[in-house]
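Beneath this line is the structure, given in structure tokens, with notes to follow.
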2 protein chains.
Amino acid sequence: MKGGRIRRLYFKRNVSFSEVPIASTQSHSLKEGEMPMQQIDEKESREFIGPKLPLTPKWVFSFGEGKADGSANMKELLGGKGAGLAEMTNLGISVPPGFTITTKACVEYAESGEYPTGMWEQVFAALRRVEQSMGMGFGDPKNPLLVSVRSGAQASMPGMMDTVLNVGLTPETVKGLADKTDNERFAQDSYRRFITMFGSIVMGVPREYFEAILNRKKEEKKVAHETQFGIGALRDLVESFKFLIKKETGKNFPDEVNEQLRMAIHAVFSSWNGARAVTYRRIYGIPDSWGTAANIQAMVFGNMGYTSGTGVAFTRDPASGDKNFFGECLMNAQGEDVVAGIRTPLPVIALRENALEAYEELVRTYKNLEKQYRDMLDLEFTIQEGKLYMLQTRVGKRTGIAAVRIAIDMVREGLISKREALLRVAPDQLAQYLYPIFDTKEESKAELLGKGLPAGPGAAAGRIALTSDQAVKMKASGERVVLVREETSPDDIHGMDAATGFLTVRGGMTSHAAVVGRQMGKVCVVGCEAVEVIDRQSIRIGTKVFREGDYISVNGSTGKVYAGDIPVVESEIIQVIQGKLDPKTSEKYRLFSMLLSWAADEKKLKVRANADVPDQAKIARGFGAEGIGLCRTEHMFFAEDRLPIMQKMILARTKEDREKFLDQLLPLQKADFIGLYRAMEGFPVTIRLLDPPLHEFLPKREELMVEVTQLEFLGINPAKLTEKRQLLARVEELHEFNPMLGLRGCRLGITMPEITRMQVRAIMEAACELAKKGKKIIPEIMIPLVGMVSEMKAQKDLVRKVAQETMDRYGIKIEYLVGTMIELPRACVTADQIAIEAEFFSFGTNDLTQTTFGFSRDDAAKFIDFYRTNNLMDADPFATLDRGGVGAMIKQGIAGGRKTRSGIKLGICGEHGGDPSSIEFFHELGLDYVSCSPYRVAIAILAAAQAAIKEEGKEK
Amino acid sequence: MKGGRIRRLYFKRNVSFSEVPIASTQSHSLKEGEMPMQQIDEKESREFIGPKLPLTPKWVFSFGEGKADGSANMKELLGGKGAGLAEMTNLGISVPPGFTITTKACVEYAESGEYPTGMWEQVFAALRRVEQSMGMGFGDPKNPLLVSVRSGAQASMPGMMDTVLNVGLTPETVKGLADKTDNERFAQDSYRRFITMFGSIVMGVPREYFEAILNRKKEEKKVAHETQFGIGALRDLVESFKFLIKKETGKNFPDEVNEQLRMAIHAVFSSWNGARAVTYRRIYGIPDSWGTAANIQAMVFGNMGYTSGTGVAFTRDPASGDKNFFGECLMNAQGEDVVAGIRTPLPVIALRENALEAYEELVRTYKNLEKQYRDMLDLEFTIQEGKLYMLQTRVGKRTGIAAVRIAIDMVREGLISKREALLRVAPDQLAQYLYPIFDTKEESKAELLGKGLPAGPGAAAGRIALTSDQAVKMKASGERVVLVREETSPDDIHGMDAATGFLTVRGGMTSHAAVVGRQMGKVCVVGCEAVEVIDRQSIRIGTKVFREGDYISVNGSTGKVYAGDIPVVESEIIQVIQGKLDPKTSEKYRLFSMLLSWAADEKKLKVRANADVPDQAKIARGFGAEGIGLCRTEHMFFAEDRLPIMQKMILARTKEDREKFLDQLLPLQKADFIGLYRAMEGFPVTIRLLDPPLHEFLPKREELMVEVTQLEFLGINPAKLTEKRQLLARVEELHEFNPMLGLRGCRLGITMPEITRMQVRAIMEAACELAKKGKKIIPEIMIPLVGMVSEMKAQKDLVRKVAQETMDRYGIKIEYLVGTMIELPRACVTADQIAIEAEFFSFGTNDLTQTTFGFSRDDAAKFIDFYRTNNLMDADPFATLDRGGVGAMIKQGIAGGRKTRSGIKLGICGEHGGDPSSIEFFHELGLDYVSCSPYRVAIAILAAAQAAIKEEGKEK
């Protein structure tokens, strides 16, 4: 019973787990240096059981007859499967007897190339115990014991040998099996299946070769399916298969049962160093030293008539978390039949009709197990002639919605503590509460066009707009819009705002579209190379041409792009926060907010939001944000009513002209701040002064060059030509080869202090006006991209001067701070000097990652992807903080800052502020707060709580 | 007698010191943290003389009658001028008596706003001694003593009060002076000059106001020059000036001599905190705590007839270094007359005619002083009625050529040691040996068009070429060419190679043009904004229009651009190295190479060169380079015969196609390496694998967009349009927002390993072929832009594999190293990991400066200039290493590298490898070598020797 089967079963029920991101805390993908949580328990327990080991190393752990050498917490030594089988046995659950060869034996073999002394002796001694327990003999022609051989590491790992069933079949024992079951066809069919499995998995003959022979036989016998073969045909197949194996491997198929067992075990251990398994370990950071265990277990048969059967079940609903026993089964069947998909499985309750006793046993068993494991479980079982055998149990995967419900229910049931409940939900799973999703059924039927990077989760369907202006127009006429662009830039903000979702041809997970998308909570798929812009009116996706106005659907959780208008279901949580839905009517909101309130009690880090406009700030507050950690003032200048003024300011030749246009921007910017302050009353609001290079606000250089060339050829509008030429000349002046490293950040405010003056006036006037009305306003003014203390000092002096003038004008005093973003390596190494002037540090981990690595986040996607695929890099450093490099920089920055100003306020406001693994690191560093996009505030709160709980666990 | 006068004197003799960069070791501009060399001695001596100070602080040091309280090594306390006057007095040289108020008094005043207790008492006591010595009385109407008041800091500092002469004149003393000298006109003229000087310098009335009154008087009196005024007119002027001062300041002109003295001294000390002086200190890193001294000295008069006179002299020729007493004088004159420039000065020998005794005394004095100071000196003197008075002596400024000659001569004369000689030449001065220069006379007559940054020293004149292709064509037809471009890029290499010099509109001191210019040893002026490209055929510089083919001249040492073809004189040293000139016939070469050989004996750092072609390597060897520290292989691909193949390689869609074109490049690249190895036989040659982003080899995106637009409009060449569109599509694919942080460096070799394979084959085949011929070849293969050890490992494994295959093919074994450039902050902080794989580190300080600061060196010039002008930054970090930030990074890199691999070879190969201040830092860090452009090798050798000598001095 394998993953394939589970997938199949649920696919039939329209809950496709391969499509929905699922995770459980126990099996989330592991990052370097991170230990799976259960791991910690096991480590401790191993120390405890250590002395129990005999002086001769114990390589084999038996289970059977209600007694096992191992237990649930020995996953490290016995693998997940072995530990589960031992635990079930100890609980008195009916498990076919067997034994587990430890992961240590695998590691010894991998390192030395030889099996540990005594291992094989222990294996065959254990086999004797199985024989005794079953009253059968391995290789006994009269009463043959058959066994299954399975691998089983700590974490499930694709690329390793999986399962060989029916080991122990030989010409002699086949006869014995036929006699014993009085069913020669069954025996021969089992034999040819065994040879196929063993020949392909253990002896390495490609599976297709067996299939080819099988198909030829079907033609010869003129049958549609192999179930229709008679005994003779099955015997022929056995001979043909054996001949094939001899031809391909030069070796005879082993007719000796101990040899079969030895070879199968060897195959399990060898597969640990197979290419795919090694690659998988590299990618997920699983250490080579884990090794895999091998499980050998007596065979039971679900295909011995209609009181036999096989099935899979979850102790609670893995999609909703409802407390319903939930599973499917097939009577008179083996796992393979289910995989073949000829018969439709029945709900597990159907067992009551054919095998009531086994069903009741199953219910007792699952309740017992869940109580024991204190978690929702995934079970596999077989019923042989009315008797239930449990074959596997493990913590079940579940959706985020289910994870929260199960965790909260189990607290209520007294099974787990609140802290355990908080550890049971992977923070990223909370995102599932927030985004609208496609109707699953409809999505599965839709035409898939291509796939990009899933940059902004959720589902969006709408009409295609190819320009931002068009998107705004279409939205105005009441359409849902999906904006499709080569790439987006800050002057697409209005179009992005108008669109439900966007799709770009270029860019990575932290491209402009992706970052803005997540911040706005929009659905976003980036880097979808299947999209080709044909002209201003049409695009091609894959092979299909779309015109502006046609419908497409994009799934920002999977990166998939579909033709047509797939129906979308909206998130209740957002509706409640926006006041569109009464929280009392939403069970989802109740559970979500309960978990968050528990998390808020545990966490040490404060969580703030990166928000530029009141709407974002309100959403963030709804999730529990404790302030704004980053307001990017430039986003305010891209709004339609402001951009033209901003452009005039930039094009101005004199300081006086610049000041004139800045004066026009002042009231607009002030109004923004008033909105933001109101939404965050009583909480600090960190406002960053203008950061991007000024040319970002102007038309693109190359587009102007083309326009000028066109106007030159047309020759009908000399005035416009002159105007465009002048504009181009100014754009040329501002052009930079590497804008990321150019005239931006505090370099702007220093070389053009009138900009800083205007912004500080707007910040302080807004604060003063509200303070006069009795509001508590806490502005924190942040100077971007400081690399030298001289820069910080120059800007701080100016800020203080303008702020004081403003407060004097209003006759009021407001407490405010002036600090900086630490986002350059030089700022980290000279942080002690910068802290002389800066009252707080906020680590800008996006830019710091760019400069520390020398990676442009707009350009690096192509080689970062290559690096990750080729094991040169574990994670995208723009998504998960690079602790070894960028983290080392941050540590220097913290040390320097604290050296000069011991209580300096420290935060981070890069994309990493919303990444759980990074948040754990920031917690360890002892930062005061993290700031992330509004839609990740809940995730950050949970991650911060987990970090605090885990740290306490470590300290104990 | 001031700087103005010296300049004037030499200007007349066509050796214009203001045009030629001059420096002496004692007064070279100071960097932060650097102490002037003489400073060290003084520190020591101060400790020695410390106990001599009386318990009441001594604020005033007298000198006169062969005895002085101070001495030459008390420059710190007495300033340069004061120490010189004391020293001369002690040596028995005739110096008008006087006294020096210490720098400490100035500092006390600057800090507390009050003069130290006892200072004024000491001042007037010292004044009494001067009166006694002169037999005159200060303010005595019968026999009035007049004094001069001068400031004098440790280093000469513009912006401070300079000199007030004739202090002590009042209506009463004027009369006394007239009576005593029997020359009322002289007395009145002295008085009105004193009022002008005192009124403007001490009392702050603008000098122009005095001039205006003077001019009105000339009109009134109908005289052409003020020397023609009669006594009456002079008396009128005195009254008018006093009235002017009262009107402007509200105060009467002081008629009390002690009040005059107090005010003049106060003006000296106040000028220390004047705006210009403060700015100057910020720029040159002079600490505020130095303070200035004030020197008060009895007046002597050179204008008391034809046995009186005044002059300035150098003890040796400051231009050539020849051992000739060298100076000029005017008889019956004062300093001001010389400045006015009405009379032509005479060679100093002319004194023999009018004042033989004084002349002989002067010769004795200069010999005595030179012996005492053990250096070439700059002297100022006055002869009053046949008696010589020395007014100033200080170490004289000199050209680089003179510095070397004087240093070597003085060793031969037994005056100084070789080590002292090495410290006497500022390393940058050696550049004067290397570049062709304009004929000074011709340059002074040429029409100045504009000024840019002096990026590549030397002088070039030639015909204007506006494209690189045109430059090549013009050169082929035998023309000297000056290439004028908006900016240069790597595909201008052929044009830059063809040109004698280049001039760009944009870019800073480390722009592409500047870096390549210095490496090629070409004359280069960048960032000359006076140049405007009108069209493909013509440019405007300033107001003048030039067409391609017109002559211009550019001075890469001053940044000046001239119209016309100024004659150029070539460097002998280069001619000798190139084998065009017999070294025996070149005295310059003899001296230059002698100094270098002394330096080579002292230095600890090895000096290598950055060279890409054999010619550069040969030049570098000629200067004594001990290997190549950086061969940029990409420069090889920009050559005309290779670029088309390179472009095809880049445009290829498959690895197979790429390999086909790489195979074509292989023999060409191999031939390059063979040439390089031959030129550097026996020395290590560090070859960096391909570094720049591939789009640098393709036409520019925006140019292609314009071309496509044009072809669309023309519609006559659909085939070409299609071709260009396809090219544009590929260029678009490769386009990057921030190429500096994009797909370049080892990221290229990792994602396209076939490029690395080809390059390593070429490197190793070349080495094997030469090794087979018995040559000793030492290749060091350098992986660029490594940020993670995984990158280093991936490339190193590939390099080792290909190298082994190649050596096996040739059946020979070659020792070679594989290392990396450390040029990213992440490489510095993870250097311990990278050193597991890397066998050497070469710090790439250009890129490391870019990423540490977040400065793009192509874009940062505009704000770096602003920062420097506004005191936010001391030096351009791309020219002089930023020790606090980038230096801290390098230290981490070194520590990490040595931790893992204790003997790891460490070098640097950025632009800083040729900067003396940075070299001193690298010496202190204990690097193995620096590598710089071939034309800076000699400079680096001398700088490395100085660093070693200074360090030894410190240790003592």
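Starting from 1 in every chain, residues are counted up; chains themselves are A, B, ... following the order of the structure tokens, and ligands are numbered from 1 as listed.
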Report the residues of region 653-825 of chain A whose backbone DSSP state falls under helix (DSSP H, G or I), written as a PyMOL selection string.
-> chain A and resi 655-679+694-697+701-714+718-734+739-741+746-751+753-772+789-810+825
With C-alpha atoms retained, could you export that selection as a JSON list (two decimals), in the first residue's frame?
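For reference, out16.json as written:
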```json
[["chain", "number", "residue", "atom", "x", "y", "z"],
["A", 655, "LYS", "CA", 16.26, 73.48, -6.66],
["A", 656, "GLU", "CA", 13.57, 76.18, -6.71],
["A", 657, "ASP", "CA", 11.54, 74.36, -9.35],
["A", 658, "ARG", "CA", 11.97, 71.09, -7.51],
["A", 659, "GLU", "CA", 10.69, 72.72, -4.35],
["A", 660, "LYS", "CA", 7.65, 74.06, -6.19],
["A", 661, "PHE", "CA", 6.56, 70.57, -7.22],
["A", 662, "LEU", "CA", 7.50, 69.10, -3.86],
["A", 663, "ASP", "CA", 5.16, 71.66, -2.30],
["A", 664, "GLN", "CA", 2.38, 70.22, -4.46],
["A", 665, "LEU", "CA", 3.22, 66.70, -3.28],
["A", 666, "LEU", "CA", 3.33, 67.68, 0.39],
["A", 667, "PRO", "CA", -0.44, 67.77, 1.12],
["A", 668, "LEU", "CA", -0.99, 64.51, -0.75],
["A", 669, "GLN", "CA", 1.75, 62.72, 1.14],
["A", 670, "LYS", "CA", 0.55, 64.20, 4.41],
["A", 671, "ALA", "CA", -2.94, 62.83, 3.78],
["A", 672, "ASP", "CA", -1.44, 59.36, 3.25],
["A", 673, "PHE", "CA", 0.33, 59.52, 6.57],
["A", 674, "ILE", "CA", -2.79, 60.68, 8.36],
["A", 675, "GLY", "CA", -4.62, 57.60, 7.07],
["A", 676, "LEU", "CA", -1.79, 55.32, 8.06],
["A", 677, "TYR", "CA", -1.46, 56.80, 11.53],
["A", 678, "ARG", "CA", -5.19, 56.48, 12.14],
["A", 679, "ALA", "CA", -5.16, 52.80, 11.19],
["A", 694, "LEU", "CA", 14.48, 58.79, -9.67],
["A", 695, "HIS", "CA", 14.52, 57.31, -13.17],
["A", 696, "GLU", "CA", 12.07, 54.68, -11.94],
["A", 697, "PHE", "CA", 9.46, 57.42, -12.02],
["A", 701, "ARG", "CA", 14.98, 55.03, -21.74],
["A", 702, "GLU", "CA", 14.73, 52.43, -24.49],
["A", 703, "GLU", "CA", 11.02, 53.10, -25.01],
["A", 704, "LEU", "CA", 11.75, 56.79, -25.42],
["A", 705, "MET", "CA", 14.51, 56.01, -27.89],
["A", 706, "VAL", "CA", 12.09, 54.00, -29.98],
["A", 707, "GLU", "CA", 9.46, 56.74, -29.71],
["A", 708, "VAL", "CA", 11.95, 59.37, -30.83],
["A", 709, "THR", "CA", 13.00, 57.20, -33.77],
["A", 710, "GLN", "CA", 9.36, 56.75, -34.76],
["A", 711, "LEU", "CA", 8.65, 60.47, -34.51],
["A", 712, "GLU", "CA", 11.74, 61.17, -36.59],
["A", 713, "PHE", "CA", 10.47, 58.92, -39.34],
["A", 714, "LEU", "CA", 6.93, 60.24, -39.20],
["A", 718, "PRO", "CA", 8.11, 68.31, -34.58],
["A", 719, "ALA", "CA", 6.92, 69.81, -31.29],
["A", 720, "LYS", "CA", 6.32, 66.40, -29.77],
["A", 721, "LEU", "CA", 9.63, 65.19, -31.17],
["A", 722, "THR", "CA", 11.43, 68.04, -29.44],
["A", 723, "GLU", "CA", 9.61, 67.36, -26.21],
["A", 724, "LYS", "CA", 10.45, 63.67, -26.32],
["A", 725, "ARG", "CA", 14.04, 64.39, -27.20],
["A", 726, "GLN", "CA", 14.36, 66.67, -24.20],
["A", 727, "LEU", "CA", 12.77, 64.09, -21.97],
["A", 728, "LEU", "CA", 15.12, 61.46, -23.36],
["A", 729, "ALA", "CA", 18.09, 63.70, -22.71],
["A", 730, "ARG", "CA", 17.11, 64.00, -19.04],
["A", 731, "VAL", "CA", 16.43, 60.28, -18.80],
["A", 732, "GLU", "CA", 19.86, 59.66, -20.32],
["A", 733, "GLU", "CA", 21.39, 61.85, -17.67],
["A", 734, "LEU", "CA", 19.70, 59.84, -14.96],
["A", 739, "PRO", "CA", 20.42, 51.24, -10.56],
["A", 740, "MET", "CA", 20.41, 49.00, -7.49],
["A", 741, "LEU", "CA", 23.85, 50.36, -6.65],
["A", 746, "CYS", "CA", 19.82, 58.28, 1.47],
["A", 747, "ARG", "CA", 22.02, 59.33, -1.44],
["A", 748, "LEU", "CA", 18.89, 61.03, -2.83],
["A", 749, "GLY", "CA", 18.04, 62.84, 0.36],
["A", 750, "ILE", "CA", 21.63, 63.93, 0.81],
["A", 751, "THR", "CA", 22.17, 65.25, -2.70],
["A", 753, "PRO", "CA", 17.84, 67.67, 0.75],
["A", 754, "GLU", "CA", 14.64, 69.39, -0.38],
["A", 755, "ILE", "CA", 13.10, 65.93, -0.87],
["A", 756, "THR", "CA", 13.91, 64.91, 2.70],
["A", 757, "ARG", "CA", 12.60, 68.24, 3.94],
["A", 758, "MET", "CA", 9.26, 67.79, 2.21],
["A", 759, "GLN", "CA", 8.87, 64.23, 3.45],
["A", 760, "VAL", "CA", 9.73, 65.04, 7.04],
["A", 761, "ARG", "CA", 7.33, 67.96, 6.96],
["A", 762, "ALA", "CA", 4.55, 65.68, 5.72],
["A", 763, "ILE", "CA", 5.36, 63.05, 8.36],
["A", 764, "MET", "CA", 5.47, 65.52, 11.23],
["A", 765, "GLU", "CA", 2.57, 67.73, 10.13],
["A", 766, "ALA", "CA", 0.34, 64.67, 9.90],
["A", 767, "ALA", "CA", 1.50, 63.53, 13.33],
["A", 768, "CYS", "CA", 1.03, 66.96, 14.89],
["A", 769, "GLU", "CA", -2.48, 67.39, 13.51],
["A", 770, "LEU", "CA", -3.61, 64.05, 14.90],
["A", 771, "ALA", "CA", -1.79, 64.55, 18.19],
["A", 772, "LYS", "CA", -3.65, 67.82, 18.61],
["A", 789, "VAL", "CA", 27.85, 57.25, 9.73],
["A", 790, "SER", "CA", 28.43, 60.56, 7.92],
["A", 791, "GLU", "CA", 25.35, 59.85, 5.79],
["A", 792, "MET", "CA", 23.27, 59.03, 8.83],
["A", 793, "LYS", "CA", 24.42, 62.14, 10.62],
["A", 794, "ALA", "CA", 23.73, 64.44, 7.67],
["A", 795, "GLN", "CA", 20.19, 63.13, 7.23],
["A", 796, "LYS", "CA", 19.43, 62.89, 10.93],
["A", 797, "ASP", "CA", 20.48, 66.50, 11.50],
["A", 798, "LEU", "CA", 18.19, 67.60, 8.69],
["A", 799, "VAL", "CA", 15.29, 65.46, 9.95],
["A", 800, "ARG", "CA", 15.64, 66.76, 13.49],
["A", 801, "LYS", "CA", 15.78, 70.34, 12.27],
["A", 802, "VAL", "CA", 12.68, 70.11, 10.08],
["A", 803, "ALA", "CA", 10.79, 68.07, 12.69],
["A", 804, "GLN", "CA", 11.54, 70.63, 15.37],
["A", 805, "GLU", "CA", 10.44, 73.49, 13.12],
["A", 806, "THR", "CA", 7.20, 71.66, 12.38],
["A", 807, "MET", "CA", 6.45, 70.84, 16.00],
["A", 808, "ASP", "CA", 7.21, 74.44, 16.96],
["A", 809, "ARG", "CA", 4.74, 75.60, 14.34],
["A", 810, "TYR", "CA", 2.05, 73.36, 15.80],
["A", 825, "PRO", "CA", 27.56, 45.13, 4.28]]
```
List the neighbours of region 120-135 of chain A out to 10 Å using only C-alpha atoms; skip same-chain residues closer than 4 positions along the sequence, and give me the result as JSON, numbers by chain.
-> {"A": [58, 59, 60, 61, 62, 63, 64, 65, 96, 97, 98, 99, 100, 101, 115, 116, 143, 144, 145, 146, 147, 258, 261, 262, 296, 297, 298]}
Might you pull out every residue within 10 Å of Phe198 (chain A), with only C-alpha atoms counted and same-chain residues fewer than 6 positions away left off, and present them as a list in words?
->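 My list of contacting residues is Thr163, Val164, Leu165, Asn166, Val167, Arg192, Gly204, Val205, Phe253, Pro254, Gln260, Met263, Ala264 and Ala267 of chain A.
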Output N, CA, C and O atoms of each residue in that selection to a file, as a JSON list (two decimals), in the first residue's frame.
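Result written to result12.json:
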```json
[["chain", "number", "residue", "atom", "x", "y", "z"],
["A", 163, "THR", "N", 8.97, -1.56, -1.90],
["A", 163, "THR", "CA", 8.41, -2.80, -1.33],
["A", 163, "THR", "C", 8.57, -3.97, -2.28],
["A", 163, "THR", "O", 8.32, -3.84, -3.48],
["A", 164, "VAL", "N", 9.01, -5.11, -1.75],
["A", 164, "VAL", "CA", 8.88, -6.37, -2.50],
["A", 164, "VAL", "C", 7.99, -7.29, -1.68],
["A", 164, "VAL", "O", 8.29, -7.58, -0.52],
["A", 165, "LEU", "N", 6.87, -7.69, -2.30],
["A", 165, "LEU", "CA", 5.93, -8.58, -1.60],
["A", 165, "LEU", "C", 6.22, -10.03, -1.99],
["A", 165, "LEU", "O", 6.89, -10.32, -2.98],
["A", 166, "ASN", "N", 5.70, -10.95, -1.17],
["A", 166, "ASN", "CA", 5.72, -12.38, -1.50],
["A", 166, "ASN", "C", 7.11, -12.99, -1.58],
["A", 166, "ASN", "O", 7.32, -13.99, -2.28],
["A", 167, "VAL", "N", 8.09, -12.41, -0.86],
["A", 167, "VAL", "CA", 9.41, -13.01, -0.84],
["A", 167, "VAL", "C", 9.31, -14.37, -0.17],
["A", 167, "VAL", "O", 8.66, -14.49, 0.89],
["A", 192, "ARG", "N", 4.25, -14.96, -10.40],
["A", 192, "ARG", "CA", 4.71, -14.11, -11.51],
["A", 192, "ARG", "C", 4.77, -12.62, -11.09],
["A", 192, "ARG", "O", 5.64, -11.88, -11.52],
["A", 204, "GLY", "N", 17.09, -5.25, -11.00],
["A", 204, "GLY", "CA", 17.37, -4.11, -11.89],
["A", 204, "GLY", "C", 17.00, -4.30, -13.35],
["A", 204, "GLY", "O", 17.47, -3.56, -14.21],
["A", 205, "VAL", "N", 16.13, -5.28, -13.66],
["A", 205, "VAL", "CA", 15.67, -5.41, -15.06],
["A", 205, "VAL", "C", 14.50, -4.45, -15.26],
["A", 205, "VAL", "O", 13.56, -4.46, -14.46],
["A", 253, "PHE", "N", 17.29, -16.51, -11.70],
["A", 253, "PHE", "CA", 16.40, -15.99, -10.67],
["A", 253, "PHE", "C", 16.56, -16.88, -9.45],
["A", 253, "PHE", "O", 16.50, -18.10, -9.57],
["A", 254, "PRO", "N", 16.78, -16.33, -8.27],
["A", 254, "PRO", "CA", 17.10, -17.19, -7.11],
["A", 254, "PRO", "C", 15.93, -18.07, -6.69],
["A", 254, "PRO", "O", 14.82, -17.57, -6.48],
["A", 260, "GLN", "N", 16.88, -15.06, -1.60],
["A", 260, "GLN", "CA", 15.91, -14.02, -1.96],
["A", 260, "GLN", "C", 15.87, -12.92, -0.88],
["A", 260, "GLN", "O", 15.90, -11.74, -1.16],
["A", 263, "MET", "N", 19.03, -10.84, -0.79],
["A", 263, "MET", "CA", 19.10, -9.90, -1.91],
["A", 263, "MET", "C", 18.14, -8.72, -1.73],
["A", 263, "MET", "O", 18.46, -7.57, -2.06],
["A", 264, "ALA", "N", 16.95, -9.02, -1.22],
["A", 264, "ALA", "CA", 15.97, -7.94, -1.05],
["A", 264, "ALA", "C", 16.45, -6.93, 0.00],
["A", 264, "ALA", "O", 16.34, -5.71, -0.18],
["A", 267, "ALA", "N", 19.09, -4.84, -1.41],
["A", 267, "ALA", "CA", 18.53, -3.82, -2.31],
["A", 267, "ALA", "C", 18.03, -2.62, -1.52],
["A", 267, "ALA", "O", 18.21, -1.46, -1.93]]
```
Quick one: of A:Ile834, A:Val268, A:Ser156, A:His635, who's nearest to Lys397 (chain A), counting only C-alpha atoms?
-> A:Ser156
With only C-alpha atoms as the atoms that count, which of B:Gly507, B:Gly311, B:Pro567, B:Gly903 lies nearest to chain A?
->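 Comparing B:Gly507, B:Gly311, B:Pro567, B:Gly903 against chain A, the winner is B:Gly507.
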Among the residues B:Glu837, B:Glu420, B:Asp859, B:Asp535, the one that comes closest to chain A [using only C-alpha atoms] |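 Counting only C-alpha atoms, the residue closest to chain A is B:Asp859.
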Got a sec: who's within 6 Å of Asp928 (chain B), counting only C-alpha atoms, leaving out chain neighbours fewer than 5 positions off, as a PyMOL selection string?
-> chain B and resi 605+906-907
Residues just named, written with N, CA, C and O atoms as a compact mmCIF listing (two decimals), in the first residue's frame:
```txt
# COMPACT_ATOMS: atom_id res chain seq x y z
N LEU B 605 56.11 42.80 0.39
CA LEU B 605 55.07 42.40 -0.55
C LEU B 605 55.68 42.10 -1.91
O LEU B 605 56.54 42.85 -2.38
N LEU B 906 47.83 34.81 -0.39
CA LEU B 906 46.86 35.90 -0.37
C LEU B 906 47.37 37.08 -1.20
O LEU B 906 48.51 37.51 -1.02
N GLY B 907 46.53 37.58 -2.07
CA GLY B 907 46.93 38.74 -2.85
C GLY B 907 45.75 39.66 -3.07
O GLY B 907 44.64 39.39 -2.61
```
Determine which residues of region 701-902 of chain B DSSP labels as strand (DSSP E or B) from the backbone of this structure, then write them out as JSON, numbers by chain.
-> {"B": [778, 779, 780, 781, 782, 783, 817, 818, 819, 820, 821, 822, 840, 841, 842, 843]}
Which value, in Å to one decimal, gives the distance between CA of Tyr433 (chain B) and CA of Arg936 (chain B)?
->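 Distance between the two atoms: 11.3 Å.
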Near Val568 (chain B), counting only C-alpha atoms, which residues have an atom at most 6 Å away, once you skip same-chain residues fewer than 4 positions from it, shown as a short mmCIF file (atom, residue, chain, number, x, y, z; two decimals) with C-alpha atoms, in the first residue's frame?
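As a result, result26.cif now contains:
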```
data_model
loop_
_atom_site.label_atom_id
_atom_site.label_comp_id
_atom_site.auth_asym_id
_atom_site.auth_seq_id
_atom_site.Cartn_x
_atom_site.Cartn_y
_atom_site.Cartn_z
CA ILE B 437 53.99 65.12 -21.48
CA PHE B 438 53.07 68.21 -23.44
CA ASP B 439 55.72 70.74 -24.12
#
```
Which residues, written as a PyMOL selection string, have at least one atom at most 9 Å from Glu479 (chain B), with only C-alpha atoms counted and residues fewer than 3 positions away on the same chain left out?
-> chain B and resi 462-463+473-476
Between CA of Ala319 (chain B) and CA of Gly80 (chain B) - distance in Å to one decimal = 22.9 Å
